[in-house]
>>> print(open('coords-v7.tsv').read())   # TSV, C-alpha atoms and all ligand atoms
chain	number	residue	atom	x	y	z
A	1	MET	CA	-5.69	63.81	59.62
A	2	THR	CA	-2.53	62.27	58.13
A	3	GLY	CA	-2.91	59.40	55.69
A	4	LYS	CA	-0.60	57.30	53.63
A	5	LEU	CA	0.39	57.29	49.96
A	6	THR	CA	2.26	54.33	48.47
A	7	VAL	CA	3.71	54.78	44.99
A	8	ALA	CA	4.02	51.25	43.64
A	9	GLY	CA	5.82	49.88	40.59
A	10	LEU	CA	3.99	47.15	38.66
A	11	GLY	CA	7.03	46.14	36.60
A	12	PRO	CA	6.90	45.90	32.80
A	13	GLY	CA	3.95	43.50	32.57
A	14	GLN	CA	4.66	39.99	33.72
A	15	ILE	CA	2.54	39.36	36.80
A	16	ASP	CA	5.20	37.40	38.73
A	17	TRP	CA	7.61	40.30	38.34
A	18	ILE	CA	5.48	42.32	40.79
A	19	THR	CA	7.16	42.29	44.21
A	20	PRO	CA	5.32	40.88	47.26
A	21	ALA	CA	5.70	44.31	48.90
A	22	VAL	CA	3.79	45.96	46.02
A	23	SER	CA	1.04	43.29	46.15
A	24	LYS	CA	0.70	43.82	49.92
A	25	ALA	CA	0.47	47.62	49.59
A	26	LEU	CA	-2.16	47.33	46.83
A	27	ALA	CA	-4.23	44.80	48.81
A	28	SER	CA	-4.45	47.10	51.84
A	29	ALA	CA	-5.14	50.37	49.94
A	30	SER	CA	-8.58	51.96	50.15
A	31	ASP	CA	-8.04	53.89	46.89
A	32	ILE	CA	-5.83	53.13	43.89
A	33	PHE	CA	-4.85	55.79	41.35
A	34	GLY	CA	-3.22	55.25	37.98
A	35	TYR	CA	-3.28	55.27	34.22
A	36	ASP	CA	-6.32	53.29	33.02
A	37	SER	CA	-4.32	50.48	31.40
A	38	TYR	CA	-2.29	49.90	34.60
A	39	LEU	CA	-5.47	49.75	36.73
A	40	ALA	CA	-6.89	47.21	34.27
A	41	ARG	CA	-4.02	44.86	35.21
A	42	LEU	CA	-5.08	44.81	38.89
A	43	ASP	CA	-7.36	42.36	40.63
A	44	ALA	CA	-8.98	44.96	42.91
A	45	ALA	CA	-11.42	44.02	45.70
A	46	PRO	CA	-15.00	45.36	45.45
A	47	HIS	CA	-14.49	47.78	48.37
A	48	GLN	CA	-11.44	49.41	46.75
A	49	ARG	CA	-12.02	52.63	44.84
A	50	LEU	CA	-10.18	52.89	41.51
A	51	HIS	CA	-9.31	56.34	40.17
A	52	ALA	CA	-8.33	56.01	36.50
A	53	SER	CA	-6.86	58.89	34.53
A	54	PRO	CA	-5.24	59.38	31.12
A	55	ASN	CA	-1.45	59.14	30.88
A	56	ARG	CA	-0.66	62.82	30.30
A	57	VAL	CA	-2.12	64.31	33.51
A	58	GLU	CA	0.55	63.31	36.02
A	59	ILE	CA	0.53	66.37	38.28
A	60	GLU	CA	-3.29	66.52	38.48
A	61	ARG	CA	-3.31	62.80	39.37
A	62	ALA	CA	-0.63	63.39	42.02
A	63	ASN	CA	-2.58	66.34	43.50
A	64	GLU	CA	-5.79	64.31	43.73
A	65	ALA	CA	-4.04	61.34	45.35
A	66	LEU	CA	-2.27	63.57	47.89
A	67	ALA	CA	-5.50	65.40	48.79
A	68	LEU	CA	-7.21	62.06	49.45
A	69	ALA	CA	-4.26	60.70	51.47
A	70	SER	CA	-4.24	63.91	53.46
A	71	SER	CA	-7.89	63.28	54.41
A	72	GLY	CA	-6.75	60.07	56.15
A	73	ARG	CA	-7.22	57.41	53.47
A	74	ASP	CA	-4.75	54.67	52.55
A	75	VAL	CA	-3.97	55.58	48.94
A	76	ALA	CA	-1.86	53.73	46.37
A	77	MET	CA	-0.61	55.12	43.08
A	78	VAL	CA	0.51	52.61	40.47
A	79	SER	CA	3.14	53.12	37.82
A	80	GLY	CA	4.48	50.80	35.10
A	81	GLY	CA	8.01	49.49	35.68
A	82	ASP	CA	9.64	51.33	38.54
A	83	PRO	CA	7.75	54.37	39.89
A	84	GLY	CA	10.97	56.38	40.16
A	85	VAL	CA	12.08	55.93	36.53
A	86	PHE	CA	10.38	58.46	34.20
A	87	ALA	CA	7.23	57.96	36.27
A	88	MET	CA	4.87	58.99	39.06
A	89	ALA	CA	7.18	59.15	42.12
A	90	ALA	CA	8.84	62.35	40.87
A	91	ALA	CA	5.40	63.85	40.06
A	92	ILE	CA	4.31	63.13	43.66
A	93	PHE	CA	7.31	64.95	45.14
A	94	GLU	CA	6.86	67.85	42.71
A	95	ALA	CA	3.22	68.15	43.84
A	96	ILE	CA	4.28	68.01	47.51
A	97	GLU	CA	6.96	70.67	46.94
A	98	HIS	CA	4.38	73.08	45.49
A	99	GLY	CA	1.38	71.94	47.54
A	100	PRO	CA	-0.03	72.81	50.99
A	101	GLN	CA	2.17	72.39	54.06
A	102	GLU	CA	0.04	69.51	55.47
A	103	TRP	CA	1.01	67.25	52.53
A	104	ARG	CA	4.53	67.07	54.00
A	105	SER	CA	3.12	65.06	56.96
A	106	ILE	CA	1.66	62.34	54.73
A	107	GLU	CA	3.46	59.01	55.06
A	108	ILE	CA	4.95	58.46	51.57
A	109	VAL	CA	6.25	55.00	50.68
A	110	ILE	CA	7.89	54.27	47.31
A	111	GLU	CA	7.70	50.55	46.47
A	112	PRO	CA	10.16	49.76	43.66
A	113	GLY	CA	9.39	47.71	40.56
A	114	ILE	CA	11.47	46.25	37.74
A	115	THR	CA	12.20	49.00	35.25
A	116	ALA	CA	11.89	48.18	31.51
A	117	MET	CA	15.64	48.49	30.93
A	118	LEU	CA	16.38	45.73	33.46
A	119	ALA	CA	13.64	43.44	32.14
A	120	VAL	CA	14.98	43.87	28.59
A	121	ALA	CA	18.55	43.24	29.73
A	122	ALA	CA	17.51	40.04	31.49
A	123	ARG	CA	15.70	38.79	28.36
A	124	ILE	CA	18.68	39.20	26.03
A	125	GLY	CA	21.70	38.43	28.23
A	126	ALA	CA	23.72	41.01	30.14
A	127	PRO	CA	24.05	44.20	28.05
A	128	LEU	CA	24.28	46.39	31.19
A	129	GLY	CA	27.35	44.57	32.55
A	130	HIS	CA	29.37	47.79	32.28
A	131	ASP	CA	28.58	51.53	32.48
A	132	PHE	CA	25.25	52.60	31.01
A	133	CYS	CA	22.74	55.44	30.99
A	134	ALA	CA	19.02	55.91	30.34
A	135	ILE	CA	17.58	58.74	28.22
A	136	SER	CA	13.93	59.48	27.53
A	137	LEU	CA	13.30	60.62	23.95
A	138	SER	CA	10.08	62.35	24.93
A	139	ASP	CA	10.27	66.10	24.46
A	140	ASN	CA	6.94	66.68	26.22
A	141	LEU	CA	8.75	67.59	29.43
A	142	LYS	CA	12.15	68.82	28.19
A	143	PRO	CA	13.50	70.60	25.10
A	144	TRP	CA	14.65	68.47	22.16
A	145	ASP	CA	18.05	70.30	22.25
A	146	THR	CA	18.69	68.78	25.68
A	147	ILE	CA	17.93	65.30	24.34
A	148	GLU	CA	20.36	65.80	21.43
A	149	LYS	CA	23.09	67.08	23.71
A	150	ARG	CA	22.72	64.19	26.19
A	151	LEU	CA	22.63	61.62	23.39
A	152	SER	CA	25.77	63.07	21.80
A	153	LEU	CA	27.67	63.13	25.07
A	154	ALA	CA	26.50	59.61	26.02
A	155	CYS	CA	27.87	58.41	22.65
A	156	GLU	CA	31.14	60.21	23.29
A	157	ALA	CA	31.39	58.63	26.74
A	158	ASP	CA	30.77	55.21	25.15
A	159	PHE	CA	27.90	54.28	27.49
A	160	VAL	CA	25.43	51.55	26.70
A	161	ILE	CA	22.30	53.70	26.16
A	162	ALA	CA	18.72	52.71	27.01
A	163	LEU	CA	16.20	54.86	25.11
A	164	TYR	CA	12.83	55.10	26.87
A	165	ASN	CA	9.74	56.67	25.18
A	166	PRO	CA	11.39	56.33	21.77
A	167	ALA	CA	8.33	57.25	19.64
A	168	SER	CA	4.63	57.94	19.90
A	169	LYS	CA	1.89	58.89	17.46
A	170	ALA	CA	2.41	62.53	18.44
A	171	ARG	CA	6.22	62.22	18.22
A	172	PRO	CA	7.04	59.94	15.29
A	173	ASP	CA	10.26	61.78	14.26
A	174	GLY	CA	12.36	61.75	17.43
A	175	ILE	CA	13.71	58.24	16.97
A	176	PHE	CA	14.87	59.07	13.41
A	177	ARG	CA	16.61	62.23	14.63
A	178	ALA	CA	18.18	60.29	17.49
A	179	PHE	CA	19.54	57.67	15.09
A	180	GLU	CA	21.08	60.42	12.92
A	181	ILE	CA	23.13	61.40	15.96
A	182	LEU	CA	23.95	57.78	16.83
A	183	ASN	CA	25.03	57.11	13.23
A	184	SER	CA	27.32	60.14	13.28
A	185	LYS	CA	28.97	59.14	16.57
A	186	ARG	CA	29.09	55.33	16.66
A	187	VAL	CA	30.40	52.73	14.19
A	188	PRO	CA	27.85	50.99	11.93
A	189	GLU	CA	28.51	47.60	13.61
A	190	THR	CA	27.26	48.91	16.99
A	191	ILE	CA	24.71	46.50	18.42
A	192	VAL	CA	21.14	47.80	18.68
A	193	VAL	CA	18.24	45.98	20.37
A	194	PHE	CA	14.55	46.78	19.89
A	195	ALA	CA	12.61	45.19	22.74
A	196	ARG	CA	8.83	45.57	22.61
A	197	ALA	CA	6.21	44.78	25.27
A	198	ILE	CA	8.63	42.71	27.35
A	199	GLY	CA	6.77	40.52	29.86
A	200	ARG	CA	3.49	40.85	27.93
A	201	PRO	CA	1.83	38.34	25.59
A	202	ASP	CA	2.93	40.23	22.46
A	203	GLU	CA	6.58	40.54	23.52
A	204	SER	CA	9.19	40.78	20.75
A	205	VAL	CA	12.94	41.31	20.55
A	206	THR	CA	14.92	42.32	17.43
A	207	ILE	CA	18.70	42.38	17.55
A	208	SER	CA	20.35	44.47	14.85
A	209	THR	CA	23.28	46.77	14.14
A	210	LEU	CA	23.17	50.53	13.81
A	211	ALA	CA	23.60	50.19	10.03
A	212	GLY	CA	20.80	47.61	9.74
A	213	ALA	CA	18.32	49.17	12.19
A	214	ASP	CA	14.69	49.28	11.03
A	215	LEU	CA	12.98	52.12	12.91
A	216	SER	CA	9.56	51.70	11.30
A	217	LYS	CA	8.12	49.51	14.08
A	218	VAL	CA	9.40	51.50	17.06
A	219	ASP	CA	6.53	52.69	19.26
A	220	MET	CA	5.71	53.65	22.86
A	221	GLN	CA	5.89	50.01	23.99
A	222	THR	CA	9.48	49.69	22.75
A	223	LEU	CA	12.72	50.16	24.60
A	224	VAL	CA	15.76	50.68	22.37
A	225	LEU	CA	19.15	49.62	23.68
A	226	ILE	CA	22.34	50.86	21.99
A	227	GLY	CA	25.49	48.91	22.76
A	228	SER	CA	28.82	50.46	23.72
A	229	SER	CA	31.98	49.70	21.72
A	230	ALA	CA	32.48	46.67	23.99
A	231	THR	CA	28.96	45.19	23.70
A	232	ARG	CA	29.02	41.93	21.72
A	233	LEU	CA	26.98	38.92	20.65
A	234	VAL	CA	27.33	35.26	21.61
A	235	LYS	CA	25.84	33.39	18.67
A	236	ARG	CA	23.59	30.35	19.23
A	237	GLY	CA	21.79	27.95	16.90
A	238	ASN	CA	20.02	28.94	13.71
A	239	GLY	CA	16.84	30.91	14.28
A	240	ILE	CA	17.64	31.61	17.94
A	241	ASN	CA	18.52	35.15	18.99
A	242	PRO	CA	22.14	35.46	20.11
A	243	TRP	CA	22.89	36.57	23.65
A	244	VAL	CA	23.96	40.21	24.00
A	245	TYR	CA	26.43	41.13	26.69
A	246	THR	CA	28.87	43.84	27.73
A	247	PRO	CA	31.98	42.46	29.45
A	248	ARG	CA	32.65	43.47	33.05
A	249	SER	CA	36.11	44.80	32.16
A	250	MET	CA	37.35	46.87	29.24
A	251	ALA	CA	40.69	48.04	27.89
A	252	PRO	CA	41.74	51.68	28.49
A	253	VAL	CA	40.28	54.01	25.79
B	301	LIG	C1	6.90	56.70	30.65
B	301	LIG	S1	8.15	55.46	30.53
B	301	LIG	C2	7.86	54.62	32.03
B	301	LIG	C3	9.00	53.74	32.44
B	301	LIG	C4	8.66	52.87	33.63
B	301	LIG	N1	8.45	53.66	34.82
B	301	LIG	C5	9.77	51.86	33.88
B	301	LIG	O1	10.43	51.93	34.91
B	301	LIG	O2	9.96	50.99	33.02
B	301	LIG	C6	7.46	54.36	29.32
B	301	LIG	C7	8.55	53.72	28.45
B	301	LIG	O3	9.13	52.60	29.15
B	301	LIG	C8	9.49	51.59	28.22
B	301	LIG	N2	8.73	50.37	28.59
B	301	LIG	C9	7.83	50.25	29.57
B	301	LIG	N3	7.37	48.97	29.65
B	301	LIG	C10	8.02	48.29	28.66
B	301	LIG	C11	7.98	46.93	28.24
B	301	LIG	N4	7.18	46.03	28.83
B	301	LIG	N5	8.77	46.56	27.20
B	301	LIG	C12	9.59	47.47	26.59
B	301	LIG	N6	9.66	48.77	26.97
B	301	LIG	C13	8.89	49.17	27.98
B	301	LIG	C14	9.11	52.09	26.83
B	301	LIG	O4	10.24	52.73	26.27
B	301	LIG	C15	8.02	53.10	27.16
B	301	LIG	O5	7.88	54.07	26.12
>>> encode(input="coords-v7.tsv", output="structure tokens")
Amino acid sequence: MTGKLTVAGLGPGQIDWITPAVSKALASASDIFGYDSYLARLDAAPHQRLHASPNRVEIERANEALALASSGRDVAMVSGGDPGVFAMAAAIFEAIEHGPQEWRSIEIVIEPGITAMLAVAARIGAPLGHDFCAISLSDNLKPWDTIEKRLSLACEADFVIALYNPASKARPDGIFRAFEILNSKRVPETIVVFARAIGRPDESVTISTLAGADLSKVDMQTLVLIGSSATRLVKRGNGINPWVYTPRSMAPV
């Protein structure tokens, strides 16, 4: 029997940032897989089976969901933000690539969501108005040397840089090491934004410079945005965060 697996992005937290297509897919699913805190956000019907799992077991979760879809059920897998950005969609295709042949006949639908970087950008202005890149600081799935190399080259290329997974209890040092590289490659006035829990009740945004950056509060719910040489502030009244934007055009470097 061939079933269906929808990988759906829940966005960063705010309920009205979930697309109608995601809501529709979740309402029709017989089974919903995901990290426990994402499942807690859903308003599941009594007949729907929820399959919660801890964050670090992506491939096992993908294998279980695919096995169930392959038995003919209508399965959904939820991811925070967008499912294709440092998230479950890639784990699903990795599991299919290494899994049994019949998994290739499952109908796979990826329903996009708003990724954290875009939600943060919308909150503070338009920092991604010119070229940018996204780098995960987690070295769980790649060597730290690769992170350092990519960060260095992104600085050299003068991209706006979005840092996902900047720190966790198990990886408290990475953000400090990353800022050593940033400090050696970018001027101290470079704009830095710490955006935490965007779209959630405890949302906070701190706008700083590289020289004035306080890394002590950076955690797994934070996205760190590093401006390019062109990123600037538009000041507003006292006590109100300025807008941050990167102009659409820039002079030759
Ligand atoms: C494993 S990645 C998943 C990214 C997700 N798939 C997305 O598209 O946003 C988790 C990281 O995304 C960022 N993030 C997710 N939700 C966020 C939010 N509401 N506010 C700020 N950063 C967030 C943080 O950097 C966090 O450590």
>>> residues_near_ligand(input="coords-v7.tsv", ligand="ligand LIG 301 (chain B)", cutoff="7 Å", atoms="only C-alpha atoms and all ligand atoms", output="ChimeraX atom specification")
/A:11-13,79-87,114-117,120,163-166,195-200,220-223
>>> residues_near_point(input="coords-v7.tsv", point="(-6.1, 61.0, 54.4)", cutoff="9 Å", atoms="only C-alpha atoms", output="PyMOL selection string")
chain A and resi 1-5+66-75+106
>>> write_last_selection(input="coords-v7.tsv", atoms="C-alpha atoms", output="short mmCIF file (atom, residue, chain, number, x, y, z; two decimals), keeping the file's coordinate frame")
data_model
loop_
_atom_site.label_atom_id
_atom_site.label_comp_id
_atom_site.auth_asym_id
_atom_site.auth_seq_id
_atom_site.Cartn_x
_atom_site.Cartn_y
_atom_site.Cartn_z
CA MET A 1 -5.69 63.81 59.62
CA THR A 2 -2.53 62.27 58.13
CA GLY A 3 -2.91 59.40 55.69
CA LYS A 4 -0.60 57.30 53.63
CA LEU A 5 0.39 57.29 49.96
CA LEU A 66 -2.27 63.57 47.89
CA ALA A 67 -5.50 65.40 48.79
CA LEU A 68 -7.21 62.06 49.45
CA ALA A 69 -4.26 60.70 51.47
CA SER A 70 -4.24 63.91 53.46
CA SER A 71 -7.89 63.28 54.41
CA GLY A 72 -6.75 60.07 56.15
CA ARG A 73 -7.22 57.41 53.47
CA ASP A 74 -4.75 54.67 52.55
CA VAL A 75 -3.97 55.58 48.94
CA ILE A 106 1.66 62.34 54.73
#
>>> atom_distance(input="coords-v7.tsv", atom1="atom CA of A:Tyr35", atom2="atom CA of A:Leu10")
11.8 Å
>>> residues_near_point(input="coords-v7.tsv", point="(36.9, 45.5, 33.4)", cutoff="12 Å", atoms="all atoms listed in the file", output="number ranges by chain")
A: 129-131, 230, 246-253
>>> closest_residue(input="coords-v7.tsv", among="A:Ser228, A:Glu189, A:Lys235, A:Asp173", to="A:Leu215", atoms="all atoms listed in the file")
A:Asp173
>>> residues_around(input="coords-v7.tsv", residues="A:Ala170", least_positions_apart="6", cutoff="12 Å", atoms="only C-alpha atoms", output="PyMOL selection string")
chain A and resi 138-140+219-220
>>> atom_distance(input="coords-v7.tsv", atom1="atom CA of A:Ala62", atom2="atom CA of A:Ala95")
6.4 Å
>>> atom_distance(input="coords-v7.tsv", atom1="atom CA of A:Glu111", atom2="atom CA of A:Arg61")
17.9 Å
>>> residues_around(input="coords-v7.tsv", residues="stretch 41-49 of chain A", least_positions_apart="5", cutoff="10 Å", atoms="only C-alpha atoms", output="JSON, numbers by chain")
{"A": [10, 13, 15, 23, 26, 27, 28, 29, 30, 31, 32, 33, 36, 75, 78]}
>>> closest_residue(input="coords-v7.tsv", among="A:Val224, A:Val205, A:Lys185, A:Ala122", to="A:Leu137", atoms="only C-alpha atoms")
A:Val224
>>> closest_residue(input="coords-v7.tsv", among="A:Leu233, A:Ile226, A:Ala8, A:Leu128", to="A:Ala25", atoms="only C-alpha atoms")
A:Ala8
